[in-house]
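Down below is the structure, laid out as structure tokens.
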Amino acid sequence: MIYSAEVENMCPVAKGAYHGPAPIPEEGKWVQAKEIKDISGLTHGIGWCAPQQGACKLTLNIKDGVIEEALVETIGCSGMTHSAAMASEILIGKTILEALNTDLVCDAINTAMRELFLQIVYGRSQTAFSEGGLPIGASLDDLGKGNRSQVGTMFATKSKGPRYLEMAEGYVTRIALNKEREIVGYEFVNLGKMMDFIKKGDDANEALKKSQGHYGQFDNAAEYVDPRVK
């Protein structure tokens with residue numbers, strides 16, 4: 001340690017009592033976090049790239065400072081999906097400090113990691129007050145039975161109005177219109193369920209029918225429109 005001449009010439013003065021850092025809530029207990037291994041919790045965060053053409057939702061389950069589980073969801077950029085594939089391999093097994101200082105391939109994923117780091121070291125995790133936290137694999141619950149991200153995709157123009165393309169329930173195949181040509185419902189296909197049926201041996205057309213559903217006043221509509229065609 002090198003001290004300047006001014007400091008060398010100072011006389012020592014005792015500092016007051018040291019009480020350590022303020023405790024933060026972690027998985028149902030209060031923790032005075034002094035080292036990376038003191039950090040645990042599951043949390044989510046959103047990141048975006050510099051041109052803001054895509055975004056990443058990152059979910060991490062951290063135990064004793066180490067990332068034990070990672071869910072990487074991206075939207076809006078084709079290259080970002082490949083970056084997510086690489087990031088999923090890079091993140092697991094690293095401490096959160098290592099992950100913060102590792103190139104996660106995509107700006108959006110790097111930004112999401114930064115936001116998660118801030119949340120979790122300040123005790124703002126989703127499991128702050130959940131005793132014992134959540135088991136490894138808990139992030140899959142967000143995806144539902146089909147293990148697919150929940151995506152909403154809508155397109156609209158002033159001249160032709162809105163088109164529902166994708167809802168949480170699935171891929172929209174038809175929108176239902178009333179006599180005033182207002183949307184009153186929609187038909188959808190749950191692609192996760194459809195693939196499960198096909199993997200179990202169902203014919204593709206039969207799997208499609210079994211995976212269809214509708215919402216709203218679909219049965220009594222005046223007109224049905226394929227939002228991707230008409």
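By order of appearance in the structure tokens: chains A, B, ..., then residues from 1 within every chain, and ligands from 1 in the order shown.
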
**Request:** Write out as a list in words which residues come within 12 Å of Ala156 of chain A when counting only C-alpha atoms, dropping same-chain ones fewer than 5 positions away.
**Result:**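 Within the cut-off, the hits are Gly161, Pro162, Arg163, Tyr164, Leu165, Pro227 and Arg228 of chain A.
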
**Request:** Write out as number ranges by chain all residues of segment 5-148 of chain A that DSSP puts in strand (DSSP E) for this structure's backbone.
**Result:** A: 24-26, 29-31, 41-48, 55-63, 66-75

**Item:** Using only C-alpha atoms: which of A:Ile24, A:Val225, A:Ala55, A:Val13 has the shortest distance to Gly41 of chain A
**Value:**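 Among the listed residues, A:Ile24 lies closest to Gly41 of chain A.
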
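Across the structure, atom CA of Glu27 of chain A and atom CA of Ala112 of chain A are spaced 21.5 Å apart.
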
**Message:** Could you go through chain A and tell me which residues DSSP, when run on the backbone, assigns to alpha helix (DSSP H), listing them as a PyMOL selection string?
**Reply:** chain A and resi 5-8+78-91+96-100+107-121+191-199+204-210

Emit the selected residues as a short mmCIF file (atom, residue, chain, number, x, y, z; two decimals), in the first residue's frame, including N, CA and C atoms.
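Just written: again02.cif:
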```cif
data_model
loop_
_atom_site.label_atom_id
_atom_site.label_comp_id
_atom_site.auth_asym_id
_atom_site.auth_seq_id
_atom_site.Cartn_x
_atom_site.Cartn_y
_atom_site.Cartn_z
N ALA A 5 2.67 11.61 1.06
CA ALA A 5 3.42 12.22 2.17
C ALA A 5 2.47 12.88 3.16
N GLU A 6 1.39 13.49 2.64
CA GLU A 6 0.42 14.15 3.53
C GLU A 6 -0.22 13.15 4.48
N VAL A 7 -0.58 11.96 3.97
CA VAL A 7 -1.19 10.95 4.82
C VAL A 7 -0.16 10.37 5.80
N GLU A 8 1.05 10.16 5.33
CA GLU A 8 2.11 9.62 6.18
C GLU A 8 2.34 10.52 7.41
N SER A 78 -33.38 -11.26 -34.83
CA SER A 78 -33.08 -12.65 -35.16
C SER A 78 -31.73 -13.09 -34.59
N GLY A 79 -30.74 -12.21 -34.65
CA GLY A 79 -29.42 -12.55 -34.12
C GLY A 79 -29.44 -12.75 -32.62
N MET A 80 -30.37 -12.08 -31.96
CA MET A 80 -30.45 -12.17 -30.51
C MET A 80 -30.81 -13.57 -30.04
N THR A 81 -31.55 -14.32 -30.85
CA THR A 81 -31.92 -15.68 -30.44
C THR A 81 -30.68 -16.56 -30.37
N HIS A 82 -29.75 -16.38 -31.31
CA HIS A 82 -28.51 -17.14 -31.28
C HIS A 82 -27.63 -16.70 -30.10
N SER A 83 -27.67 -15.41 -29.81
CA SER A 83 -26.93 -14.90 -28.65
C SER A 83 -27.47 -15.51 -27.37
N ALA A 84 -28.79 -15.67 -27.31
CA ALA A 84 -29.41 -16.26 -26.12
C ALA A 84 -28.95 -17.70 -25.93
N ALA A 85 -28.80 -18.42 -27.05
CA ALA A 85 -28.33 -19.81 -26.97
C ALA A 85 -26.93 -19.86 -26.35
N MET A 86 -26.07 -18.96 -26.79
CA MET A 86 -24.71 -18.93 -26.23
C MET A 86 -24.72 -18.47 -24.78
N ALA A 87 -25.54 -17.46 -24.47
CA ALA A 87 -25.60 -16.93 -23.11
C ALA A 87 -26.07 -17.99 -22.12
N SER A 88 -26.98 -18.85 -22.55
CA SER A 88 -27.48 -19.89 -21.66
C SER A 88 -26.38 -20.86 -21.24
N GLU A 89 -25.41 -21.05 -22.12
CA GLU A 89 -24.27 -21.90 -21.78
C GLU A 89 -23.24 -21.15 -20.94
N ILE A 90 -23.11 -19.85 -21.20
CA ILE A 90 -22.10 -19.04 -20.52
C ILE A 90 -22.48 -18.77 -19.06
N LEU A 91 -23.76 -18.49 -18.81
CA LEU A 91 -24.19 -18.00 -17.50
C LEU A 91 -24.11 -19.03 -16.38
N ILE A 96 -22.33 -14.23 -9.82
CA ILE A 96 -22.98 -13.08 -10.45
C ILE A 96 -21.97 -12.00 -10.80
N LEU A 97 -20.84 -11.94 -10.08
CA LEU A 97 -19.81 -10.97 -10.43
C LEU A 97 -19.10 -11.38 -11.72
N GLU A 98 -18.83 -12.67 -11.88
CA GLU A 98 -18.23 -13.17 -13.12
C GLU A 98 -19.15 -12.88 -14.30
N ALA A 99 -20.46 -13.17 -14.12
CA ALA A 99 -21.43 -12.98 -15.20
C ALA A 99 -21.56 -11.52 -15.58
N LEU A 100 -21.45 -10.64 -14.59
CA LEU A 100 -21.54 -9.21 -14.86
C LEU A 100 -20.38 -8.73 -15.72
N ASP A 107 -25.86 -7.09 -26.57
CA ASP A 107 -26.01 -5.94 -25.68
C ASP A 107 -27.24 -6.06 -24.79
N ALA A 108 -28.33 -6.55 -25.36
CA ALA A 108 -29.56 -6.65 -24.60
C ALA A 108 -29.42 -7.62 -23.43
N ILE A 109 -28.72 -8.74 -23.65
CA ILE A 109 -28.52 -9.72 -22.59
C ILE A 109 -27.54 -9.18 -21.55
N ASN A 110 -26.50 -8.48 -22.01
CA ASN A 110 -25.56 -7.83 -21.08
C ASN A 110 -26.28 -6.81 -20.21
N THR A 111 -27.16 -6.03 -20.81
CA THR A 111 -27.91 -5.01 -20.06
C THR A 111 -28.85 -5.67 -19.05
N ALA A 112 -29.49 -6.75 -19.47
CA ALA A 112 -30.37 -7.48 -18.55
C ALA A 112 -29.58 -8.00 -17.35
N MET A 113 -28.36 -8.52 -17.60
CA MET A 113 -27.52 -9.02 -16.52
C MET A 113 -27.16 -7.89 -15.56
N ARG A 114 -26.88 -6.73 -16.09
CA ARG A 114 -26.57 -5.57 -15.24
C ARG A 114 -27.76 -5.21 -14.35
N GLU A 115 -28.95 -5.19 -14.94
CA GLU A 115 -30.14 -4.83 -14.18
C GLU A 115 -30.44 -5.87 -13.09
N LEU A 116 -30.25 -7.14 -13.42
CA LEU A 116 -30.47 -8.19 -12.43
C LEU A 116 -29.47 -8.11 -11.29
N PHE A 117 -28.22 -7.83 -11.64
CA PHE A 117 -27.18 -7.69 -10.61
C PHE A 117 -27.58 -6.61 -9.61
N LEU A 118 -28.01 -5.46 -10.12
CA LEU A 118 -28.41 -4.37 -9.24
C LEU A 118 -29.58 -4.77 -8.35
N GLN A 119 -30.58 -5.43 -8.93
CA GLN A 119 -31.74 -5.86 -8.14
C GLN A 119 -31.33 -6.78 -7.01
N ILE A 120 -30.55 -7.78 -7.35
CA ILE A 120 -30.32 -8.86 -6.39
C ILE A 120 -29.34 -8.46 -5.29
N VAL A 121 -28.33 -7.62 -5.61
CA VAL A 121 -27.40 -7.22 -4.55
C VAL A 121 -28.00 -6.16 -3.63
N LEU A 191 -49.29 -23.60 -29.89
CA LEU A 191 -48.27 -24.34 -30.61
C LEU A 191 -47.51 -25.33 -29.70
N GLY A 192 -47.38 -24.97 -28.43
CA GLY A 192 -46.72 -25.89 -27.50
C GLY A 192 -47.51 -27.18 -27.35
N LYS A 193 -48.83 -27.03 -27.17
CA LYS A 193 -49.69 -28.21 -27.05
C LYS A 193 -49.70 -29.02 -28.34
N MET A 194 -49.75 -28.32 -29.47
CA MET A 194 -49.80 -29.01 -30.76
C MET A 194 -48.55 -29.88 -30.95
N MET A 195 -47.39 -29.33 -30.63
CA MET A 195 -46.15 -30.11 -30.77
C MET A 195 -46.12 -31.30 -29.81
N ASP A 196 -46.69 -31.12 -28.62
CA ASP A 196 -46.76 -32.23 -27.67
C ASP A 196 -47.62 -33.37 -28.23
N PHE A 197 -48.75 -33.01 -28.85
CA PHE A 197 -49.63 -34.02 -29.45
C PHE A 197 -48.92 -34.75 -30.59
N ILE A 198 -48.21 -33.99 -31.42
CA ILE A 198 -47.50 -34.59 -32.56
C ILE A 198 -46.41 -35.53 -32.06
N LYS A 199 -45.68 -35.12 -31.02
CA LYS A 199 -44.62 -35.96 -30.47
C LYS A 199 -45.17 -37.26 -29.87
N ALA A 204 -50.79 -34.59 -37.68
CA ALA A 204 -50.61 -33.14 -37.55
C ALA A 204 -51.95 -32.39 -37.61
N ASN A 205 -52.84 -32.79 -38.52
CA ASN A 205 -54.14 -32.12 -38.63
C ASN A 205 -54.99 -32.34 -37.39
N GLU A 206 -54.93 -33.56 -36.84
CA GLU A 206 -55.67 -33.86 -35.61
C GLU A 206 -55.08 -33.07 -34.44
N ALA A 207 -53.75 -32.99 -34.38
CA ALA A 207 -53.09 -32.23 -33.32
C ALA A 207 -53.47 -30.76 -33.40
N LEU A 208 -53.59 -30.24 -34.63
CA LEU A 208 -53.98 -28.85 -34.83
C LEU A 208 -55.38 -28.59 -34.26
N LYS A 209 -56.31 -29.48 -34.56
CA LYS A 209 -57.68 -29.32 -34.07
C LYS A 209 -57.74 -29.37 -32.55
N LYS A 210 -56.99 -30.30 -31.97
CA LYS A 210 -57.00 -30.47 -30.52
C LYS A 210 -56.35 -29.31 -29.79
#
```

With a distance cut-off of 8 Å and only C-alpha atoms, select the neighbouring residues of His44 of chain A, excluding the residue or stretch itself and same-chain residues fewer than 2 positions from it, and output the selection as a PDB file with N, CA and C atoms, in the first residue's frame.
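Output file out-v3.pdb is given in full below:
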```
ATOM      1  N   LEU A  42     -34.025 -15.516  -6.611  1.00  0.00           N
ATOM      2  CA  LEU A  42     -34.486 -15.629  -8.002  1.00  0.00           C
ATOM      3  C   LEU A  42     -35.106 -14.309  -8.402  1.00  0.00           C
ATOM      4  N   ILE A  46     -35.137  -6.952 -17.469  1.00  0.00           N
ATOM      5  CA  ILE A  46     -35.244  -6.679 -18.903  1.00  0.00           C
ATOM      6  C   ILE A  46     -34.016  -5.896 -19.369  1.00  0.00           C
ATOM      7  N   LYS A  57     -35.542 -10.693 -21.798  1.00  0.00           N
ATOM      8  CA  LYS A  57     -35.987 -10.909 -20.423  1.00  0.00           C
ATOM      9  C   LYS A  57     -35.130 -12.046 -19.866  1.00  0.00           C
ATOM     10  N   LEU A  58     -34.403 -11.742 -18.810  1.00  0.00           N
ATOM     11  CA  LEU A  58     -33.494 -12.704 -18.206  1.00  0.00           C
ATOM     12  C   LEU A  58     -33.992 -13.077 -16.814  1.00  0.00           C
ATOM     13  N   THR A  59     -34.045 -14.371 -16.539  1.00  0.00           N
ATOM     14  CA  THR A  59     -34.420 -14.870 -15.217  1.00  0.00           C
ATOM     15  C   THR A  59     -33.265 -15.701 -14.670  1.00  0.00           C
ATOM     16  N   LEU A  60     -32.818 -15.380 -13.476  1.00  0.00           N
ATOM     17  CA  LEU A  60     -31.718 -16.094 -12.848  1.00  0.00           C
ATOM     18  C   LEU A  60     -32.129 -16.607 -11.473  1.00  0.00           C
ATOM     19  N   LEU A 116     -30.252  -7.143 -13.421  1.00  0.00           N
ATOM     20  CA  LEU A 116     -30.474  -8.195 -12.427  1.00  0.00           C
ATOM     21  C   LEU A 116     -29.468  -8.109 -11.293  1.00  0.00           C
ATOM     22  N   SER A 125     -34.913  -9.050  -4.955  1.00  0.00           N
ATOM     23  CA  SER A 125     -35.243 -10.243  -5.736  1.00  0.00           C
ATOM     24  C   SER A 125     -36.718 -10.599  -5.564  1.00  0.00           C
ATOM     25  N   GLN A 126     -37.224 -11.418  -6.497  1.00  0.00           N
ATOM     26  CA  GLN A 126     -38.619 -11.855  -6.430  1.00  0.00           C
ATOM     27  C   GLN A 126     -38.858 -12.777  -5.230  1.00  0.00           C
TER      28      GLN A 126
END
```

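The residue that comes closest to Glu180 of chain A, out of A:Glu223, A:Asp103, A:Glu26, A:Glu131 and on the basis of only C-alpha atoms, is A:Glu223.
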
**Request:** Point out the residue among A:Gly213, A:Gly146, A:Gly170, A:Gly93 with the least atom-to-atom distance to Glu68 of chain A, counting only C-alpha atoms.
**Result:**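 Distance minimum relative to Glu68 of chain A lands on A:Gly93.
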
**Prompt:** If you measure from atom CA of Val105 of chain A to atom CA of Tyr122 of chain A, what distance in Å do you get, rounded to one decimal?
**Reply:**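 Taking atom CA of Val105 of chain A as the start and atom CA of Tyr122 of chain A as the end point, the length is 25.7 Å.
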
**Item:** Computed interatomic separation between atom CA of Lys145 of chain A and atom CA of Tyr186 of chain A (Å)
**Value:**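 Interatomic distance, atom CA of Lys145 of chain A to atom CA of Tyr186 of chain A: 21.3 Å.
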
Residues near Ala22 of chain A, cut-off 9 Å, only C-alpha atoms, skip fewer than 4 positions along chain, as an mmCIF file with C-alpha atoms, in the first residue's frame:
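To be explicit, this is the file written out as around_16.cif:
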```
data_model
loop_
_atom_site.group_PDB
_atom_site.id
_atom_site.type_symbol
_atom_site.label_atom_id
_atom_site.label_comp_id
_atom_site.auth_asym_id
_atom_site.auth_seq_id
_atom_site.Cartn_x
_atom_site.Cartn_y
_atom_site.Cartn_z
ATOM 1 C CA VAL A 31 -28.391 -11.053 5.337
ATOM 2 C CA GLN A 32 -25.472 -8.685 5.795
ATOM 3 C CA ALA A 33 -23.953 -9.216 2.361
#
```

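For Ala168 of chain A, the non-local neighbours within 10 Å, defined as residues at least 6 positions apart in the same chain or in other chains and counting only C-alpha atoms, are Arg148, Ser149, Gln150, Val151, Gly152, Thr153, Phe188 and Asn190 of chain A.
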